[in-house]
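Source file: upload22.cif (mmCIF, C-alpha atoms)
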data_run
#
loop_
_atom_site.group_PDB
_atom_site.id
_atom_site.type_symbol
_atom_site.label_atom_id
_atom_site.label_comp_id
_atom_site.auth_asym_id
_atom_site.auth_seq_id
_atom_site.Cartn_x
_atom_site.Cartn_y
_atom_site.Cartn_z
ATOM 1 C CA MET E 103 17.618 -12.863 -8.203
ATOM 2 C CA ASP E 104 18.002 -16.414 -7.031
ATOM 3 C CA ALA E 105 16.235 -18.604 -4.479
ATOM 4 C CA LEU E 106 18.476 -17.394 -1.658
ATOM 5 C CA ASP E 107 17.619 -13.747 -2.381
ATOM 6 C CA ARG E 108 13.931 -14.682 -2.353
ATOM 7 C CA LYS E 109 14.374 -16.428 0.993
ATOM 8 C CA ILE E 110 16.024 -13.294 2.397
ATOM 9 C CA LEU E 111 13.088 -11.207 1.157
ATOM 10 C CA THR E 112 10.575 -13.624 2.672
ATOM 11 C CA GLU E 113 12.266 -13.582 6.070
ATOM 12 C CA LEU E 114 12.457 -9.777 6.093
ATOM 13 C CA GLN E 115 8.799 -9.464 5.143
ATOM 14 C CA LEU E 116 7.928 -11.647 8.122
ATOM 15 C CA ASP E 117 10.213 -9.696 10.477
ATOM 16 C CA GLY E 118 11.888 -6.542 9.213
ATOM 17 C CA ARG E 119 13.742 -6.065 12.499
ATOM 18 C CA LEU E 120 15.974 -9.104 12.120
ATOM 19 C CA THR E 121 19.640 -8.435 12.622
ATOM 20 C CA VAL E 122 21.930 -9.515 9.800
ATOM 21 C CA THR E 123 23.179 -12.300 12.075
ATOM 22 C CA GLU E 124 19.639 -13.586 12.697
ATOM 23 C CA LEU E 125 18.785 -13.275 9.018
ATOM 24 C CA ALA E 126 21.915 -15.173 7.999
ATOM 25 C CA ALA E 127 21.050 -18.000 10.404
ATOM 26 C CA ARG E 128 17.490 -18.254 9.057
ATOM 27 C CA VAL E 129 18.621 -18.464 5.430
ATOM 28 C CA LYS E 130 21.590 -20.714 6.304
ATOM 29 C CA LEU E 131 24.280 -18.358 5.110
ATOM 30 C CA SER E 132 27.277 -16.814 6.843
ATOM 31 C CA VAL E 133 26.966 -13.181 7.923
ATOM 32 C CA SER E 134 29.211 -11.500 5.328
ATOM 33 C CA PRO E 135 27.571 -12.993 2.208
ATOM 34 C CA CYS E 136 24.131 -12.419 3.730
ATOM 35 C CA HIS E 137 24.978 -8.774 4.418
ATOM 36 C CA ARG E 138 26.320 -8.356 0.877
ATOM 37 C CA ARG E 139 23.141 -9.833 -0.611
ATOM 38 C CA LEU E 140 20.994 -7.655 1.637
ATOM 39 C CA ARG E 141 22.788 -4.476 0.531
ATOM 40 C CA ASP E 142 22.482 -5.562 -3.126
ATOM 41 C CA LEU E 143 18.717 -6.096 -2.699
ATOM 42 C CA GLU E 144 18.402 -2.638 -1.136
ATOM 43 C CA ARG E 145 20.531 -0.961 -3.807
ATOM 44 C CA GLU E 146 18.650 -2.684 -6.661
ATOM 45 C CA GLY E 147 15.301 -1.560 -5.214
ATOM 46 C CA ALA E 148 13.928 -5.017 -4.377
ATOM 47 C CA ILE E 149 13.766 -3.769 -0.780
ATOM 48 C CA ARG E 150 12.156 -0.340 -0.899
ATOM 49 C CA GLY E 151 12.389 0.366 2.822
ATOM 50 C CA TYR E 152 11.637 -0.746 6.353
ATOM 51 C CA ARG E 153 8.687 0.300 8.500
ATOM 52 C CA ALA E 154 6.476 -0.656 11.400
ATOM 53 C CA VAL E 155 3.098 -2.179 10.557
ATOM 54 C CA VAL E 156 0.623 -0.384 12.825
ATOM 55 C CA ASP E 157 -2.740 -1.841 13.791
ATOM 56 C CA PRO E 158 -5.302 0.783 12.639
ATOM 57 C CA ALA E 159 -7.632 -0.030 15.543
ATOM 58 C CA ALA E 160 -4.836 0.688 18.033
ATOM 59 C CA VAL E 161 -4.692 4.280 16.772
ATOM 60 C CA GLY E 162 -8.453 4.756 16.524
ATOM 61 C CA LEU E 163 -8.895 4.093 12.798
ATOM 62 C CA ASP E 164 -11.434 1.292 13.145
ATOM 63 C CA PHE E 165 -13.466 2.171 10.047
ATOM 64 C CA GLU E 166 -12.313 1.252 6.562
ATOM 65 C CA ALA E 167 -13.929 1.755 3.185
ATOM 66 C CA LEU E 168 -13.026 1.065 -0.412
ATOM 67 C CA VAL E 169 -13.891 3.973 -2.682
ATOM 68 C CA PHE E 170 -14.107 3.531 -6.441
ATOM 69 C CA ALA E 171 -13.540 6.695 -8.471
ATOM 70 C CA THR E 172 -14.489 7.251 -12.084
ATOM 71 C CA LEU E 173 -13.049 10.326 -13.768
ATOM 72 C CA ARG E 174 -14.874 12.615 -16.225
ATOM 73 C CA TRP E 175 -11.914 12.605 -18.620
ATOM 74 C CA GLU E 176 -8.792 10.539 -18.741
ATOM 75 C CA ASP E 177 -6.408 12.996 -20.328
ATOM 76 C CA ARG E 178 -2.929 13.385 -18.868
ATOM 77 C CA ASP E 179 -3.663 16.611 -16.963
ATOM 78 C CA THR E 180 -6.803 15.227 -15.305
ATOM 79 C CA VAL E 181 -5.038 12.032 -14.254
ATOM 80 C CA THR E 182 -2.011 13.917 -12.913
ATOM 81 C CA THR E 183 -4.107 16.452 -11.013
ATOM 82 C CA PHE E 184 -6.363 13.749 -9.556
ATOM 83 C CA GLU E 185 -3.426 11.587 -8.468
ATOM 84 C CA GLU E 186 -1.625 14.510 -6.824
ATOM 85 C CA ALA E 187 -4.795 15.491 -4.958
ATOM 86 C CA VAL E 188 -5.423 11.904 -3.784
ATOM 87 C CA ALA E 189 -1.827 11.615 -2.573
ATOM 88 C CA ALA E 190 -2.415 14.690 -0.392
ATOM 89 C CA VAL E 191 -5.339 13.097 1.529
ATOM 90 C CA PRO E 192 -3.808 11.426 4.623
ATOM 91 C CA HIS E 193 -6.738 9.057 5.203
ATOM 92 C CA VAL E 194 -6.221 7.466 1.775
ATOM 93 C CA LEU E 195 -3.967 4.533 2.671
ATOM 94 C CA GLN E 196 -3.712 3.139 -0.838
ATOM 95 C CA ALA E 197 -4.698 4.407 -4.272
ATOM 96 C CA GLN E 198 -4.537 2.220 -7.344
ATOM 97 C CA ARG E 199 -5.213 3.123 -10.957
ATOM 98 C CA LEU E 200 -7.240 0.413 -12.671
ATOM 99 C CA PHE E 201 -7.888 -0.687 -16.244
ATOM 100 C CA GLY E 202 -11.524 -0.242 -17.291
ATOM 101 C CA GLU E 203 -14.134 1.149 -14.953
ATOM 102 C CA PRO E 204 -13.838 2.401 -12.330
ATOM 103 C CA ASP E 205 -10.606 4.281 -12.900
ATOM 104 C CA TYR E 206 -9.274 4.155 -9.324
ATOM 105 C CA LEU E 207 -9.590 2.148 -6.140
ATOM 106 C CA LEU E 208 -8.913 4.031 -2.899
ATOM 107 C CA ARG E 209 -8.517 2.354 0.481
ATOM 108 C CA VAL E 210 -9.585 4.809 3.159
ATOM 109 C CA ALA E 211 -9.379 4.567 6.968
ATOM 110 C CA THR E 212 -11.210 6.822 9.432
ATOM 111 C CA THR E 213 -12.388 6.663 13.036
ATOM 112 C CA ASP E 214 -16.021 5.891 12.242
ATOM 113 C CA LEU E 215 -18.844 6.253 9.718
ATOM 114 C CA ALA E 216 -19.425 9.917 10.560
ATOM 115 C CA ALA E 217 -15.760 10.731 9.967
ATOM 116 C CA PHE E 218 -15.845 8.801 6.678
ATOM 117 C CA GLN E 219 -18.936 10.700 5.556
ATOM 118 C CA GLN E 220 -17.255 14.005 6.366
ATOM 119 C CA LEU E 221 -14.089 12.965 4.482
ATOM 120 C CA TYR E 222 -16.200 11.751 1.563
ATOM 121 C CA ASP E 223 -18.229 14.978 1.325
ATOM 122 C CA GLN E 224 -15.462 17.482 2.024
ATOM 123 C CA GLN E 225 -12.456 15.925 0.293
ATOM 124 C CA LEU E 226 -13.105 12.860 -1.824
ATOM 125 C CA ALA E 227 -16.150 14.192 -3.693
ATOM 126 C CA ARG E 228 -14.203 17.381 -4.420
ATOM 127 C CA LEU E 229 -11.190 15.684 -5.952
ATOM 128 C CA PRO E 230 -10.433 17.174 -9.374
ATOM 129 C CA GLY E 231 -11.889 15.355 -12.366
ATOM 130 C CA VAL E 232 -14.230 13.065 -10.424
ATOM 131 C CA GLN E 233 -17.384 12.072 -12.243
ATOM 132 C CA ARG E 234 -18.608 9.431 -9.809
ATOM 133 C CA LEU E 235 -17.611 7.874 -6.502
ATOM 134 C CA THR E 236 -18.997 4.641 -5.143
ATOM 135 C CA SER E 237 -17.936 3.039 -1.916
ATOM 136 C CA THR E 238 -18.240 -0.146 0.032
ATOM 137 C CA LEU E 239 -17.399 -0.810 3.646
ATOM 138 C CA VAL E 240 -14.771 -3.305 4.727
ATOM 139 C CA MET E 241 -16.323 -5.860 7.053
ATOM 140 C CA LYS E 242 -13.235 -7.940 7.770
ATOM 141 C CA HIS E 243 -9.680 -8.476 6.556
ATOM 142 C CA VAL E 244 -9.319 -12.100 5.528
ATOM 143 C CA VAL E 245 -5.786 -11.818 4.106
ATOM 144 C CA ASP E 246 -3.878 -8.757 5.253
ATOM 145 C CA ASP E 247 -0.302 -7.687 4.598
ATOM 146 C CA ARG E 248 0.819 -11.087 3.341
ATOM 147 C CA PRO E 249 4.454 -11.384 2.250
ATOM 148 C CA LEU E 250 4.983 -11.700 -1.497
ATOM 149 C CA PRO E 251 5.256 -15.321 -2.636
ATOM 150 C CA GLU E 252 8.702 -16.785 -3.304
#
Please, can you express the file's structure as structure tokens?
Amino acid sequence: MDALDRKILTELQLDGRLTVTELAARVKLSVSPCHRRLRDLEREGAIRGYRAVVDPAAVGLDFEALVFATLRWEDRDTVTTFEEAVAAVPHVLQAQRLFGEPDYLLRVATTDLAAFQQLYDQQLARLPGVQRLTSTLVMKHVVDDRPLPE
């Protein structure tokens, strides 16, 4: 991957709806080579997909919390079962396995505190293998959905 590929990635992260012609103009390349590079980046997996970035507040998900999960055991079955169960909870927007304690960080979005409490009690606390959950509320996004650096 060279500097031109990185520029293509940067431009697409800023606006994923660019046409190939617009993209080529922004990276100062003719359309055919730009299109070829774009297809190569997609085929190689550097570009995993395209999607709309939706404002959570616009769809009523104004409340966000970070939930830290510590598992009772960290054997393969517990980890696999926990991760599959977390992936099945629609309000979990992101789940990351961490080194050390806690074991996982979950980013959760709900309509309000009452909905979060219900989700916490009825789904998150019942996830398989959970020893302890702690959570903190997101006050404000300072850096959100930033493109990867070149």
Note to self: Report as a PyMOL selection string all protein, DNA and RNA residues lying within 8 Å of range 154-167 of chain E, evaluated on all atoms listed in the file, omitting residues in the same chain fewer than 6 positions from it.
What the structure shows: chain E and resi 209-215+218+237-240
Margin query: When you look at Leu229 in chain E with a cut-off of 10 Å (counting all atoms listed in the file), what residues show up, excluding the ones that are within fewer than 4 positions of it in the same chain? I need them as a VMD selection string.
Written below: chain E and resid 171 173 183 to 188 191 222 224 to 225 233
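Atom pair CA of Asp177 in chain E / CA of Ala227 in chain E has a distance of 19.3 Å (rounded to one decimal).
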Checklist line | Chain and number of each residue from the PyMOL selection byres ((chain E and resi 139-146) around 9), as a ChimeraX atom specification | finding: /E:103,106-107,110-111,122,134-138,147-151
Notebook entry, point to check: Of the residues E:Val194, E:Leu131, E:Gln115, E:Pro249, which is the one nearest to Leu221 in chain E, using all atoms listed in the file?
Noted result: E:Val194
